[in-house]
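**Student:** My questions will all concern the structure given below.
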Amino acid sequence: MRALQPASDLLRALASPVRVGIVRELSEGGKYVHELVAALGVSQPLVSQHLRVLRTSRIVTAHRQAREIQYALTDDHVAHIVLDAIRHAQE
């Protein structure tokens, strides 16, 4: 069962509609917080809170660009998991 723990941790980190939305948005490329706020229609503090969870789980990375931070997916495999889950739920 220990071999399954990393997969369980990944799914736990994704277990929020806001985090799923963030990953969906980042599947198109790196974005700034204000872009994620506009795309998701939620507050900046909420987006930042969820980005912290995704960074801690190593799902997203952050790169400073002048005064802003751009977020990107660490690995495209996570995008496939999320996009497949979204498509499956819509069937």
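Residues are named by chain letter and number: chains run A, B, ... in the order of the structure tokens, numbers start at 1 in each chain, and ligands are numbered from 1 in the order shown.
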Name the residues in contact with segment 28-37 of chain A at a cut-off of 8 Å, using only C-alpha atoms, excluding same-chain residues fewer than 3 positions from it; report them as a VMD selection string.

**Tutor:** chain A and resid 22 24 to 25 40 to 44 47 to 48 68 to 73

**Student:** Measuring between only C-alpha atoms, which one of A:Arg67, A:Asp75, A:Pro6, A:Val82 shows the shortest distance to Arg19 of chain A?

**Tutor:**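 Counting only C-alpha atoms, the residue closest to Arg19 of chain A is A:Val82.
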
**Student:** Please, which residues of chain A, numbered as in this document, come out strand (DSSP E or B) from DSSP, as a PyMOL selection string?

**Tutor:** chain A and resi 31-32+60-65+68-73

**Student:** Write out as a ChimeraX atom specification all residues of chain A that DSSP puts in alpha helix (DSSP H) for this structure's backbone.

**Tutor:** /A:5-13,17-26,33-40,44-56,76-90

**Student:** Give me the residues near Arg55 of chain A as a list in words, where near means some atom within 10 Å (using only C-alpha atoms) and where sequence neighbours in that chain fewer than 3 positions away do not count.

**Tutor:** Ala13, His50, Leu51, Arg52, Arg58, Ile59, Val60, Thr61, Ala62, Tyr71, Ala72, Leu73 and Thr74 of chain A

**Student:** Deliver the residues from the most recent selection as a file, using N, CA, C and O atoms, as a PDB file, in the first residue's frame.

**Tutor:**
ATOM      1  N   ALA A  13      -4.344  16.536  -3.338  1.00  0.00           N
ATOM      2  CA  ALA A  13      -3.967  17.909  -3.657  1.00  0.00           C
ATOM      3  C   ALA A  13      -4.872  18.501  -4.740  1.00  0.00           C
ATOM      4  O   ALA A  13      -5.063  19.714  -4.794  1.00  0.00           O
ATOM      5  N   HIS A  50      -4.901  28.430  -2.830  1.00  0.00           N
ATOM      6  CA  HIS A  50      -4.884  27.161  -3.560  1.00  0.00           C
ATOM      7  C   HIS A  50      -3.565  26.961  -4.308  1.00  0.00           C
ATOM      8  O   HIS A  50      -3.087  25.825  -4.424  1.00  0.00           O
ATOM      9  N   LEU A  51      -2.979  28.038  -4.798  1.00  0.00           N
ATOM     10  CA  LEU A  51      -1.659  27.919  -5.423  1.00  0.00           C
ATOM     11  C   LEU A  51      -0.624  27.444  -4.414  1.00  0.00           C
ATOM     12  O   LEU A  51       0.278  26.672  -4.758  1.00  0.00           O
ATOM     13  N   ARG A  52      -0.751  27.870  -3.173  1.00  0.00           N
ATOM     14  CA  ARG A  52       0.176  27.422  -2.128  1.00  0.00           C
ATOM     15  C   ARG A  52       0.085  25.900  -1.948  1.00  0.00           C
ATOM     16  O   ARG A  52       1.103  25.217  -1.845  1.00  0.00           O
ATOM     17  N   ARG A  58       4.089  20.198  -5.231  1.00  0.00           N
ATOM     18  CA  ARG A  58       4.969  20.185  -6.401  1.00  0.00           C
ATOM     19  C   ARG A  58       4.217  19.982  -7.717  1.00  0.00           C
ATOM     20  O   ARG A  58       4.731  19.384  -8.655  1.00  0.00           O
ATOM     21  N   ILE A  59       2.983  20.471  -7.753  1.00  0.00           N
ATOM     22  CA  ILE A  59       2.184  20.393  -8.974  1.00  0.00           C
ATOM     23  C   ILE A  59       2.438  21.620  -9.841  1.00  0.00           C
ATOM     24  O   ILE A  59       2.426  21.533 -11.069  1.00  0.00           O
ATOM     25  N   VAL A  60       2.669  22.761  -9.199  1.00  0.00           N
ATOM     26  CA  VAL A  60       2.986  23.985  -9.935  1.00  0.00           C
ATOM     27  C   VAL A  60       4.308  24.565  -9.437  1.00  0.00           C
ATOM     28  O   VAL A  60       4.740  24.303  -8.315  1.00  0.00           O
ATOM     29  N   THR A  61       4.920  25.346 -10.313  1.00  0.00           N
ATOM     30  CA  THR A  61       6.138  26.080  -9.960  1.00  0.00           C
ATOM     31  C   THR A  61       5.851  27.569 -10.132  1.00  0.00           C
ATOM     32  O   THR A  61       4.924  27.958 -10.832  1.00  0.00           O
ATOM     33  N   ALA A  62       6.661  28.371  -9.474  1.00  0.00           N
ATOM     34  CA  ALA A  62       6.501  29.823  -9.538  1.00  0.00           C
ATOM     35  C   ALA A  62       7.807  30.446 -10.012  1.00  0.00           C
ATOM     36  O   ALA A  62       8.883  30.067  -9.559  1.00  0.00           O
ATOM     37  N   TYR A  71       2.943  31.392 -12.673  1.00  0.00           N
ATOM     38  CA  TYR A  71       2.802  30.001 -12.253  1.00  0.00           C
ATOM     39  C   TYR A  71       2.682  29.112 -13.476  1.00  0.00           C
ATOM     40  O   TYR A  71       2.075  29.490 -14.482  1.00  0.00           O
ATOM     41  N   ALA A  72       3.266  27.917 -13.379  1.00  0.00           N
ATOM     42  CA  ALA A  72       3.217  26.941 -14.468  1.00  0.00           C
ATOM     43  C   ALA A  72       3.150  25.546 -13.867  1.00  0.00           C
ATOM     44  O   ALA A  72       3.536  25.335 -12.704  1.00  0.00           O
ATOM     45  N   LEU A  73       2.682  24.611 -14.658  1.00  0.00           N
ATOM     46  CA  LEU A  73       2.654  23.220 -14.210  1.00  0.00           C
ATOM     47  C   LEU A  73       4.067  22.659 -14.187  1.00  0.00           C
ATOM     48  O   LEU A  73       4.862  22.922 -15.092  1.00  0.00           O
ATOM     49  N   THR A  74       4.351  21.892 -13.176  1.00  0.00           N
ATOM     50  CA  THR A  74       5.644  21.233 -13.069  1.00  0.00           C
ATOM     51  C   THR A  74       5.752  20.127 -14.106  1.00  0.00           C
ATOM     52  O   THR A  74       6.819  19.886 -14.665  1.00  0.00           O
TER      53      THR A  74
END

**Student:** Tell me, in Å to one decimal, how far atom CA of Asp9 of chain A is from atom CA of Ser57 of chain A.

**Tutor:** 8.0 Å

**Student:** So how many Å separate atom CA of Ser27 of chain A and atom CA of Leu10 of chain A, to one decimal?

**Tutor:**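 For atom CA of Ser27 of chain A relative to atom CA of Leu10 of chain A, the distance reads 16.4 Å.
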